[in-house]
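Coordinates from input-v3.csv are shown below (CSV, C-alpha atoms).
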chain,number,residue,atom,x,y,z
A,1084,MET,CA,83.5,86.2,12.0
A,1085,LYS,CA,84.4,86.4,15.7
A,1086,ILE,CA,86.1,83.2,16.9
A,1087,GLU,CA,87.0,82.3,20.4
A,1088,ASN,CA,90.5,81.2,21.4
A,1089,LEU,CA,89.7,78.3,23.6
A,1090,HIS,CA,92.9,76.3,23.5
A,1091,GLU,CA,96.0,75.4,21.6
A,1092,TRP,CA,95.8,72.7,18.9
A,1093,ASN,CA,99.3,71.3,19.0
A,1094,VAL,CA,98.8,69.0,22.0
A,1095,ARG,CA,99.4,65.4,23.0
A,1096,TYR,CA,96.6,62.8,22.7
A,1097,ASP,CA,96.0,62.6,26.5
A,1098,ARG,CA,95.8,66.4,26.7
A,1099,ALA,CA,93.3,66.5,23.8
A,1100,ARG,CA,91.0,64.2,25.7
A,1101,GLU,CA,91.3,66.4,28.8
A,1102,ILE,CA,90.4,69.4,26.7
A,1103,GLN,CA,87.3,67.7,25.4
A,1104,THR,CA,86.2,66.7,28.9
A,1105,ASP,CA,86.7,70.3,30.2
A,1106,LEU,CA,84.9,71.9,27.2
A,1107,ARG,CA,81.9,69.4,27.5
A,1108,LYS,CA,80.8,71.3,30.6
A,1109,ARG,CA,80.4,74.5,28.7
A,1110,LEU,CA,78.0,73.2,26.1
A,1111,ILE,CA,74.5,74.7,26.0
A,1112,LEU,CA,72.0,72.0,25.0
A,1113,HIS,CA,68.9,74.0,24.6
A,1114,ASP,CA,67.8,76.7,22.1
A,1115,SER,CA,69.9,79.7,22.7
A,1116,ASP,CA,70.3,82.7,20.4
A,1117,ILE,CA,68.5,81.0,17.5
A,1118,PRO,CA,66.1,83.3,15.7
A,1119,ASP,CA,62.5,82.1,15.4
A,1120,ASN,CA,62.8,82.7,11.7
A,1121,ILE,CA,66.2,81.5,10.5
A,1122,GLN,CA,67.5,83.5,7.6
A,1123,THR,CA,70.8,81.8,6.9
A,1124,ILE,CA,72.2,78.4,7.5
A,1125,ALA,CA,75.8,77.1,6.9
A,1126,GLY,CA,77.2,73.7,6.0
A,1127,ALA,CA,80.8,72.7,6.8
A,1128,ASP,CA,82.8,69.8,5.4
A,1129,ILE,CA,86.3,68.6,4.7
A,1130,SER,CA,87.8,66.8,1.7
A,1131,TYR,CA,91.1,64.9,2.0
A,1132,ALA,CA,93.7,64.7,-0.7
A,1133,LYS,CA,94.2,61.2,-2.0
A,1134,LYS,CA,98.0,61.2,-2.4
A,1135,SER,CA,99.2,63.6,0.3
A,1136,ASN,CA,98.4,64.8,3.8
A,1137,MET,CA,96.6,67.9,2.6
A,1138,PHE,CA,92.9,68.5,3.2
A,1139,PHE,CA,90.4,71.2,2.2
A,1140,ALA,CA,87.6,72.8,4.1
A,1141,ALA,CA,84.6,74.4,2.6
A,1142,ILE,CA,81.9,76.5,4.3
A,1143,VAL,CA,78.7,77.2,2.3
A,1144,VAL,CA,76.1,79.7,3.6
A,1145,LEU,CA,72.6,79.4,2.2
A,1146,GLU,CA,69.5,81.4,2.5
A,1147,PHE,CA,66.8,79.6,4.6
A,1148,PRO,CA,64.5,78.1,3.5
A,1149,THR,CA,65.2,78.6,-0.2
A,1150,MET,CA,68.7,77.0,0.1
A,1151,GLU,CA,70.1,79.5,-2.4
A,1152,VAL,CA,73.9,80.1,-1.9
A,1153,VAL,CA,74.7,83.5,-0.5
A,1154,GLU,CA,78.4,83.1,0.4
A,1155,GLN,CA,81.2,80.5,0.3
A,1156,SER,CA,84.6,80.3,1.8
A,1157,SER,CA,87.4,77.7,1.9
A,1158,SER,CA,90.8,76.9,3.3
A,1159,SER,CA,93.4,74.2,3.0
A,1160,GLY,CA,96.0,72.8,5.3
A,1161,THR,CA,98.2,69.9,6.3
A,1162,ALA,CA,97.1,67.2,8.6
A,1163,CYS,CA,99.3,67.6,11.7
A,1164,PHE,CA,97.2,65.5,14.1
A,1165,PRO,CA,96.7,61.8,13.3
A,1166,TYR,CA,93.4,60.3,12.5
A,1167,ILE,CA,92.1,59.0,15.9
A,1168,PRO,CA,88.4,58.2,16.3
A,1169,GLY,CA,86.9,60.6,18.8
A,1170,LEU,CA,89.6,63.3,18.3
A,1171,LEU,CA,88.7,64.4,14.8
A,1172,THR,CA,88.4,68.0,15.8
A,1173,PHE,CA,92.1,68.3,16.6
A,1174,ARG,CA,92.8,67.2,13.0
A,1175,GLU,CA,90.2,69.2,11.2
A,1176,GLY,CA,89.3,72.1,13.5
A,1177,PRO,CA,92.1,74.6,12.6
A,1178,VAL,CA,91.5,74.5,8.9
A,1179,LEU,CA,87.7,74.7,9.4
A,1180,LEU,CA,88.1,77.8,11.6
A,1181,GLU,CA,90.3,79.4,9.0
A,1182,ALA,CA,87.5,79.0,6.5
A,1183,PHE,CA,85.0,80.4,8.9
A,1184,ARG,CA,87.2,83.5,9.5
A,1185,LYS,CA,86.8,84.4,5.8
A,1186,LEU,CA,83.0,84.7,6.0
A,1187,SER,CA,81.7,88.3,6.0
A,1188,PHE,CA,79.0,87.5,8.5
A,1189,SER,CA,77.9,84.9,11.0
A,1190,PRO,CA,75.1,82.5,9.9
A,1191,ASP,CA,72.2,81.8,12.2
A,1192,VAL,CA,73.0,78.1,12.5
A,1193,ILE,CA,75.6,75.7,11.2
A,1194,ILE,CA,75.3,72.0,10.3
A,1195,PHE,CA,78.6,70.0,10.4
A,1196,ASP,CA,79.4,66.8,8.6
A,1197,GLY,CA,80.3,65.2,11.9
A,1198,HIS,CA,78.8,64.5,15.3
A,1199,GLY,CA,77.7,66.8,18.2
A,1200,ILE,CA,77.2,65.2,21.6
A,1201,ALA,CA,76.8,61.7,20.0
A,1202,HIS,CA,80.5,61.2,20.8
A,1203,PRO,CA,82.5,59.1,23.3
A,1204,ARG,CA,83.2,62.1,25.5
A,1205,GLY,CA,80.0,64.0,24.5
A,1206,ILE,CA,81.8,66.6,22.4
A,1207,GLY,CA,82.3,65.9,18.7
A,1208,LEU,CA,83.2,68.2,15.9
A,1209,ALA,CA,79.9,70.1,15.8
A,1210,SER,CA,80.0,70.7,19.5
A,1211,HIS,CA,83.6,71.7,19.7
A,1212,MET,CA,83.4,74.1,16.7
A,1213,GLY,CA,80.1,75.5,18.1
A,1214,LEU,CA,82.0,76.6,21.2
A,1215,PHE,CA,84.8,78.2,19.2
A,1216,LEU,CA,82.2,80.0,17.0
A,1217,GLU,CA,79.6,80.6,19.8
A,1218,LEU,CA,76.8,79.8,17.3
A,1219,PRO,CA,74.0,77.2,17.3
A,1220,SER,CA,75.5,74.1,15.7
A,1221,ILE,CA,74.1,70.7,14.7
A,1222,GLY,CA,76.0,67.4,14.2
A,1223,CYS,CA,74.9,65.4,11.1
A,1224,GLY,CA,76.9,62.2,10.8
A,1225,LYS,CA,76.7,59.7,8.1
A,1226,ALA,CA,77.7,56.8,10.4
A,1227,ARG,CA,77.0,56.1,14.0
A,1228,LEU,CA,79.9,56.8,16.3
A,1229,VAL,CA,78.4,55.8,19.7
A,1230,GLY,CA,75.2,54.4,21.1
A,1231,SER,CA,72.4,52.2,19.9
A,1232,TYR,CA,69.2,52.7,18.1
A,1233,GLU,CA,66.3,50.9,16.4
A,1234,GLU,CA,65.8,51.3,12.7
A,1235,PRO,CA,63.5,54.2,12.2
A,1236,GLY,CA,60.4,54.1,9.9
A,1237,ASN,CA,60.9,54.3,6.2
A,1238,GLU,CA,59.3,57.6,5.5
A,1239,PRO,CA,61.3,60.9,5.5
A,1240,GLY,CA,61.0,62.5,8.9
A,1241,ASP,CA,60.8,59.2,10.8
A,1242,TYR,CA,63.4,58.8,13.5
A,1243,SER,CA,64.4,56.8,16.5
A,1244,PRO,CA,66.4,57.8,19.6
A,1245,LEU,CA,70.1,57.2,19.7
A,1246,THR,CA,70.9,56.2,23.2
A,1247,CYS,CA,74.2,56.1,24.9
A,1248,GLU,CA,74.7,54.9,28.5
A,1249,GLY,CA,71.0,55.4,29.3
A,1250,SER,CA,70.7,58.9,27.8
A,1251,ILE,CA,69.5,60.2,24.5
A,1252,ALA,CA,72.5,61.5,22.5
A,1253,GLY,CA,70.7,62.2,19.3
A,1254,VAL,CA,68.5,60.4,16.7
A,1255,ALA,CA,68.7,58.2,13.7
A,1256,LEU,CA,66.8,60.3,11.2
A,1257,ARG,CA,65.4,59.0,7.9
A,1258,THR,CA,65.7,61.8,5.3
A,1259,LYS,CA,64.8,59.8,2.2
A,1260,ARG,CA,62.9,56.6,1.5
A,1261,LYS,CA,64.9,53.3,1.3
A,1262,VAL,CA,68.1,55.2,2.2
A,1263,LYS,CA,70.1,54.7,5.3
A,1264,PRO,CA,69.4,57.2,8.1
A,1265,ILE,CA,71.7,60.0,9.2
A,1266,PHE,CA,72.6,60.6,12.8
A,1267,VAL,CA,71.6,64.0,14.1
A,1268,SER,CA,72.8,65.4,17.5
A,1269,GLN,CA,73.0,68.7,19.3
A,1270,GLY,CA,76.2,70.6,18.8
A,1271,HIS,CA,75.9,73.8,20.9
A,1272,ARG,CA,73.2,76.3,21.7
A,1273,ILE,CA,70.4,74.1,20.4
A,1274,GLY,CA,67.8,71.6,21.6
A,1275,LEU,CA,67.3,68.2,20.0
A,1276,GLU,CA,63.8,68.9,18.6
A,1277,ARG,CA,65.0,72.1,16.9
A,1278,ALA,CA,68.0,70.3,15.5
A,1279,ILE,CA,65.8,67.7,14.0
A,1280,ASP,CA,63.4,70.2,12.6
A,1281,ILE,CA,66.1,72.4,11.0
A,1282,THR,CA,67.8,69.3,9.5
A,1283,LEU,CA,64.6,68.1,7.9
A,1284,SER,CA,63.7,71.6,6.7
A,1285,SER,CA,67.1,71.7,5.0
A,1286,CYS,CA,66.7,68.5,3.0
A,1287,ARG,CA,65.9,68.7,-0.7
A,1288,GLY,CA,65.4,65.1,-1.8
A,1289,TYR,CA,68.9,63.8,-0.9
A,1290,ARG,CA,70.1,61.8,2.1
A,1291,LEU,CA,72.2,64.7,3.4
A,1292,PRO,CA,70.7,68.1,4.3
A,1293,GLU,CA,71.5,70.7,1.6
A,1294,PRO,CA,74.0,72.7,3.6
A,1295,THR,CA,76.4,69.8,4.2
A,1296,ARG,CA,75.7,68.3,0.8
A,1297,ARG,CA,76.7,71.6,-0.8
A,1298,ALA,CA,79.8,71.9,1.4
A,1299,HIS,CA,80.8,68.4,0.5
A,1300,LEU,CA,80.6,69.2,-3.2
A,1301,ALA,CA,82.5,72.4,-2.7
A,1302,ALA,CA,85.3,70.8,-0.7
A,1303,GLY,CA,85.6,68.1,-3.3
A,1304,THR,CA,85.8,70.6,-6.2
A,1305,ILE,CA,88.5,72.6,-4.4
A,1306,ARG,CA,90.5,69.4,-3.8
A,1307,LEU,CA,90.2,68.3,-7.4
A,1308,ALA,CA,91.4,71.7,-8.6
A,1309,ALA,CA,94.4,71.6,-6.3
A,1310,GLU,CA,95.3,68.1,-7.4
A,1311,ALA,CA,95.0,68.9,-11.1

As structure tokens:
Amino acid sequence: MKIENLHEWNVRYDRAREIQTDLRKRLILHDSDIPDNIQTIAGADISYAKKSNMFFAAIVVLEFPTMEVVEQSSSSGTACFPYIPGLLTFREGPVLLEAFRKLSFSPDVIIFDGHGIAHPRGIGLASHMGLFLELPSIGCGKARLVGSYEEPGNEPGDYSPLTCEGSIAGVALRTKRKVKPIFVSQGHRIGLERAIDITLSSCRGYRLPEPTRRAHLAAGTIRLAAEA
């Protein structure tokens, strides 16, 4: 896969925030280069070792809409950037990109276990990685990072706006009855309606959409094998 070289990763915290502010201006928040008929969709996730500072990235590419796995890649690394809310990409980004480099082709769209523009500076993991990869990306967080929302209806597909400083940053989306919603936001090169539609179309009876669910399982399996 082709990956842009946007900036260095070994930076101070204040510089990391400056980079986010600068890159936020480059985000494309409407449908761009997304095929009408998506054929492949990828999920990306990280699993942290329990007794060390190692962590493991997994990318799972699935056929859409069958959700059959067509390719998988992984990478591992050492956490060199501290865990700071809002700066997660500087901790996880390098190892994720290394896993993406191993793919034989670029998927049509990527769902990240993390946030897109629903972020304190409007550029979470999904947006940041979307810029490096120059691919349509969606943020799918398990917990709210910013903003406020009303509880959506209880049926799969029900959602309510996630608002931040008077603007819509994403939605709280119900993917399964009687289960907490997930938080979907635009990453890069996608509009909100399409991001919601793709996320829902990727669900297979679980809270998480299948791409990130599969990536989560793959990253955990890789971690367990390394710790054995």

> Could you pull the residues within 6 Å of region 1194-1206 of chain A, counting all atoms listed in the file, minus those fewer than 2 positions along the same chain, as a list of chain:residue names?
Replying inline: A:Arg1107, A:Gly1126, A:Ala1127, A:Asp1128, A:Leu1208, A:Ala1209, A:Ser1210, A:Ser1220, A:Ile1221, A:Gly1222, A:Cys1223, A:Gly1224, A:Val1229, A:Ala1252, A:Ser1268, A:Gln1269, A:Gly1270

> In Å to one decimal, how far is CA of His1113 (chain A) from CA of Ile1273 (chain A)?
Replying inline: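 Atom-to-atom, CA of Ile1273 (chain A) and CA of His1113 (chain A) are spaced 4.5 Å apart.
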
> Got a sec: who's within 8 Å of Ile1121 (chain A), counting all atoms listed in the file, leaving out chain neighbours fewer than 6 positions off, as a PyMOL selection string?
Replying inline: chain A and resi 1147-1148+1191-1192

I need the chosen residues saved as a PDB file, keeping the file's coordinate frame, with C-alpha atoms.
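Below is the file that was written, selection_27.pdb:
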ATOM      1  CA  PHE A1147      66.800  79.600   4.600  1.00  0.00           C
ATOM      2  CA  PRO A1148      64.500  78.100   3.500  1.00  0.00           C
ATOM      3  CA  ASP A1191      72.200  81.800  12.200  1.00  0.00           C
ATOM      4  CA  VAL A1192      73.000  78.100  12.500  1.00  0.00           C
TER       5      VAL A1192
END

> Counting only C-alpha atoms, which residues come within 12 Å of (68.4, 54.9, 10.4), with the point read in the file's coordinates, and could you list them as a PyMOL selection string?
Replying inline: chain A and resi 1224-1227+1231-1245+1253-1267+1290

>> Just to confirm, what's the straight-line distance from CA of Glu1087 (chain A) to CA of Gly1160 (chain A) in Å (one decimal)?
In response: 20.0 Å
